[in-house]
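J.: Quick one: the structure is below, and I'll ask about it shortly.
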Amino acid sequence: MSDQAALHREVPIESPQFYLDDPWPTFAWMQREAPFYHYAPLDTFVITRHRDIRTISSRADIFSNARGIFLNEIKYRDAAGGTNFSEGFWPEGGEQIGNTDPPRHQELRRVSQGAFTIPAIQSLQERLTAHVGHGLDALGERGDVDFWEFAAGVPVEAACHLIGLSATDRARVQFWSDELEKLGADISFEELQAAVAEFDSLKDYITENVERRKAERAAGDTQGLDLISVLLDAELDGQKGVKLPNVITFAMTAIAAGADTTRALLLGLPYYLAQNPDQWRLLKEDRSLVKNAIEETLRLVTPARAFLRYVAADTEVDGQAMKEGQHVYLMYMAANRDPDVFPDPHGFDVRRATASRQLAFGAGPHLCLGQRLARMEGALVLEAMLDRFERIELTGEPVPVVHIIRNSWETMPVRLVR
């Protein structure tokens, strides 16, 4: 699409197809000519430049999360009686950390961050190593495979260990993870209300695991870096032990935020490396590039394309006035290909000097709490692939996910050559 065509086009940010039909010329035009593009139907400014997203993300006092982070929160606010429609997904009394502002946001991060410390992630890595190795060995035996099932299984396994869920119900956790993605999907309010009913069973499942963990601790097993144990030991609002509604909400959030996004990262590894065999060879020869390769993959994939912020007070960003009650839509996928930060922005370069500046995890106070875990999973899988295979080839066209926010694939047909 030409720049002139983009100039006269309403950018359809609510259409999943827009993101699949080569949005990059439109984003490039927006970055040059309309960095605060006003999307009139939702009275929302679409932000595409890297520097502007970083500026806005750092000002949580003005750009609020409390009214939700999905476009659906604007679309369905009236239907939800002026409240966040997403509140129905969480247990009554539970606080969804992504929908809180400082200082409460920092308080909730503090009580949960024990499950995301370096020792906790290292313990998780030890548990995941065998799972990843066995999975890749099985794929290697077959050669031609759909990488999707493996990529989906790793973050679900990690999430269950992270939260402290029993090892018996991975398929159900996978189902609930996919259902939670409906929060940002292009579906009706009625469909969203129907999805809410699916989560009573998830809430019950998490409650059962909390009670199991309490019983284990009462019997003397007080060790544990899992999220449930951390929350049972934490102090919040002057009492020891986070209340059950918040424990359930934290666990549900960990499932929602970690499974699909990390799956997208893991699918991006064979996708980009198969198309760039020179980069695969660089990694085979120099494993010190693995961490940067994960950053570069995150940059190009950007598993969560964009999130919303509410303008809580009249303000200005780089000369653009914004009024209280409007919204900004932080288009991370565009910022991650901002040529001012990433020269040759559409290329895949595991030696890119600026790769770590990617915004796939957001920025500012709301920087993703699970970023260390996602990076660990990516590096663990990539190292294991490099150990086992001589090359990777795509054997068909991967089918993309059709979604407003999720940037991922439904299939990833590959040939793993030993």
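Labels used: A, B, ... for chains in the order of the structure tokens, numbers from 1 for residues in each chain, and numbers from 1 for ligands as shown.
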Would you kindly return, as a list in words, each protein, DNA or RNA residue with an atom no farther than 8 Å from any atom of A:Thr48, considering only C-alpha atoms and excluding same-chain residues fewer than 6 positions away?
T.: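 Close residues of A:Thr48: Phe27, Met30, Gln31, Pro35, Phe36, Leu330, Met331, Tyr332, Ala334, Ala335 and Asp338 of chain A.
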J.: Determine, for each residue of stretch 52-147 of chain A having at least one atom at most 12 Å from an atom of stretch 313-317 of chain A, the closest pair of atoms and their separation in Å to one decimal, counting only C-alpha atoms; order by chain and ascending number, as a Markdown table.
T.:
| residue | atom | partner | partner_atom | distance |
| --- | --- | --- | --- | --- |
| A:Asp52 | CA | A:Val317 | CA | 7.5 |
| A:Ile53 | CA | A:Val317 | CA | 10.1 |
| A:Arg54 | CA | A:Val317 | CA | 11.1 |
| A:Thr55 | CA | A:Val317 | CA | 8.0 |
| A:Ile56 | CA | A:Val317 | CA | 7.8 |
| A:Ser57 | CA | A:Val317 | CA | 11.6 |
| A:Ser58 | CA | A:Val317 | CA | 11.9 |
| A:Arg59 | CA | A:Val317 | CA | 10.6 |
| A:Ala60 | CA | A:Ala313 | CA | 11.2 |
| A:Asp61 | CA | A:Ala313 | CA | 8.8 |
| A:Ile62 | CA | A:Ala313 | CA | 5.9 |
| A:Phe63 | CA | A:Ala313 | CA | 8.2 |
| A:Ser64 | CA | A:Ala313 | CA | 9.6 |
J.: Output C-alpha atoms for every residue in the selection just made, as a PDB file, in the first residue's frame.
T.:
ATOM      1  CA  ASP A  52       6.524   7.959  22.646  1.00  0.00           C
ATOM      2  CA  ILE A  53       5.506   4.557  24.007  1.00  0.00           C
ATOM      3  CA  ARG A  54       8.383   4.672  26.483  1.00  0.00           C
ATOM      4  CA  THR A  55       7.375   8.177  27.570  1.00  0.00           C
ATOM      5  CA  ILE A  56       3.722   7.265  28.043  1.00  0.00           C
ATOM      6  CA  SER A  57       4.550   3.980  29.798  1.00  0.00           C
ATOM      7  CA  SER A  58       6.645   5.815  32.390  1.00  0.00           C
ATOM      8  CA  ARG A  59       3.759   8.129  33.340  1.00  0.00           C
ATOM      9  CA  ALA A  60       1.394   5.750  35.074  1.00  0.00           C
ATOM     10  CA  ASP A  61      -0.059   8.647  37.080  1.00  0.00           C
ATOM     11  CA  ILE A  62      -1.521  10.107  33.873  1.00  0.00           C
ATOM     12  CA  PHE A  63      -1.899   7.064  31.633  1.00  0.00           C
ATOM     13  CA  SER A  64      -3.926   4.661  33.714  1.00  0.00           C
TER      14      SER A  64
END
J.: Just the residues within 12 Å of A:Glu141, please, counting only C-alpha atoms, with nothing from its chain fewer than 3 positions along; format it as number ranges by chain.
T.: A: 134-138, 144-145, 388-389, 415-418
J.: Which residues of stretch 37-134 of chain A have any atom within 12 Å of an atom in stretch 153-158 of chain A when counting only C-alpha atoms, and what is the closest pair of atoms for each, with the distance in Å to one decimal? Order the rows by chain and rising number and write it as JSON lines.
T.:
{"residue": "A:Ala115", "atom": "CA", "partner": "A:Ala158", "partner_atom": "CA", "distance": 11.9}
{"residue": "A:Phe116", "atom": "CA", "partner": "A:Ala158", "partner_atom": "CA", "distance": 11.9}
{"residue": "A:Ala120", "atom": "CA", "partner": "A:Ala158", "partner_atom": "CA", "distance": 11.5}
{"residue": "A:Ile121", "atom": "CA", "partner": "A:Ala158", "partner_atom": "CA", "distance": 9.8}
{"residue": "A:Gln122", "atom": "CA", "partner": "A:Ala158", "partner_atom": "CA", "distance": 11.7}
{"residue": "A:Ser123", "atom": "CA", "partner": "A:Ala158", "partner_atom": "CA", "distance": 10.7}
{"residue": "A:Leu124", "atom": "CA", "partner": "A:Ala158", "partner_atom": "CA", "distance": 7.0}
{"residue": "A:Gln125", "atom": "CA", "partner": "A:Ala158", "partner_atom": "CA", "distance": 8.6}
{"residue": "A:Glu126", "atom": "CA", "partner": "A:Ala158", "partner_atom": "CA", "distance": 10.8}
{"residue": "A:Arg127", "atom": "CA", "partner": "A:Ala158", "partner_atom": "CA", "distance": 8.5}
{"residue": "A:Leu128", "atom": "CA", "partner": "A:Ala158", "partner_atom": "CA", "distance": 6.9}
{"residue": "A:Thr129", "atom": "CA", "partner": "A:Val154", "partner_atom": "CA", "distance": 10.0}
{"residue": "A:Ala130", "atom": "CA", "partner": "A:Val154", "partner_atom": "CA", "distance": 10.9}
{"residue": "A:His131", "atom": "CA", "partner": "A:Val154", "partner_atom": "CA", "distance": 7.7}
{"residue": "A:Val132", "atom": "CA", "partner": "A:Val154", "partner_atom": "CA", "distance": 7.0}
{"residue": "A:Gly133", "atom": "CA", "partner": "A:Val154", "partner_atom": "CA", "distance": 10.7}
{"residue": "A:His134", "atom": "CA", "partner": "A:Val154", "partner_atom": "CA", "distance": 11.2}
J.: Do you have, as CSV, the list of residues of stretch 118-202 of chain A lying at most 10 Å from stretch 251-273 of chain A, each with its nearest atom pair and that distance in Å to one decimal, counting only C-alpha atoms and ordered by chain then number?
T.:
residue,atom,partner,partner_atom,distance
A:Phe147,CA,A:Leu267,CA,7.0
A:Trp148,CA,A:Leu267,CA,6.8
A:Glu149,CA,A:Arg263,CA,9.4
A:Phe150,CA,A:Arg263,CA,8.9
A:Ala151,CA,A:Arg263,CA,5.2
A:Ala152,CA,A:Arg263,CA,5.2
A:Gly153,CA,A:Arg263,CA,8.2
A:Val154,CA,A:Arg263,CA,7.7
A:Pro155,CA,A:Ala259,CA,5.0
A:Val156,CA,A:Ala259,CA,5.7
A:Glu157,CA,A:Ala259,CA,9.1
A:Ala158,CA,A:Ala259,CA,8.6
A:Ala159,CA,A:Ile255,CA,6.2
A:Cys160,CA,A:Ile255,CA,8.2
A:Leu162,CA,A:Ala254,CA,8.4
A:Ile163,CA,A:Ala251,CA,6.2
A:Gly164,CA,A:Ala251,CA,9.2
A:Leu165,CA,A:Ala251,CA,9.4
A:Val173,CA,A:Ile255,CA,7.6
A:Gln174,CA,A:Ala259,CA,7.8
A:Trp176,CA,A:Ile255,CA,7.9
A:Ser177,CA,A:Ala256,CA,5.2
A:Asp178,CA,A:Asp260,CA,7.4
A:Glu179,CA,A:Ala256,CA,8.6
A:Leu180,CA,A:Ala256,CA,5.8
A:Glu181,CA,A:Ala256,CA,6.9
A:Leu183,CA,A:Ala256,CA,9.8
A:Phe199,CA,A:Met252,CA,9.3
A:Leu202,CA,A:Met252,CA,8.0
J.: Set the distance at 12 Å and use only C-alpha atoms: which residues neighbour A:Phe361 once local chain neighbours fewer than 3 positions away are removed? I'd like the list as a VMD selection string.
T.: chain A and resid 54 57 257 to 258 261 to 262 265 295 298 to 299 301 to 307 330 332 to 333 336 356 to 358 364 to 375
J.: What is the distance, in Å and to one decimal place, between atom CA of A:Val401 and atom CA of A:Gln17?
T.: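 Those two atoms sit 10.0 Å apart.
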J.: Write out as a list in words which residues come within 8 Å of A:Leu231 when counting only C-alpha atoms, dropping same-chain ones fewer than 2 positions away.
T.: Val111, Ser112, Leu227, Ile228, Ser229, Asp233, Ala234, Gly241, Val242 and Val247 of chain A
J.: Could you give me the residues within stretch 162-256 of chain A that DSSP places in strand (DSSP E or B), as a list in words?
T.: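 Here is the list: Glu235, Leu236, Gln239 and Lys240 of chain A.
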J.: Can those selected residues be exported to a file as a PDB file, in the first residue's frame so that it contains C-alpha atoms?
T.:
ATOM      1  CA  GLU A 235       2.095  -9.731  53.870  1.00  0.00           C
ATOM      2  CA  LEU A 236      -0.524  -7.515  52.245  1.00  0.00           C
ATOM      3  CA  GLN A 239      -1.956  -9.331  57.375  1.00  0.00           C
ATOM      4  CA  LYS A 240       0.086 -12.405  56.549  1.00  0.00           C
TER       5      LYS A 240
END
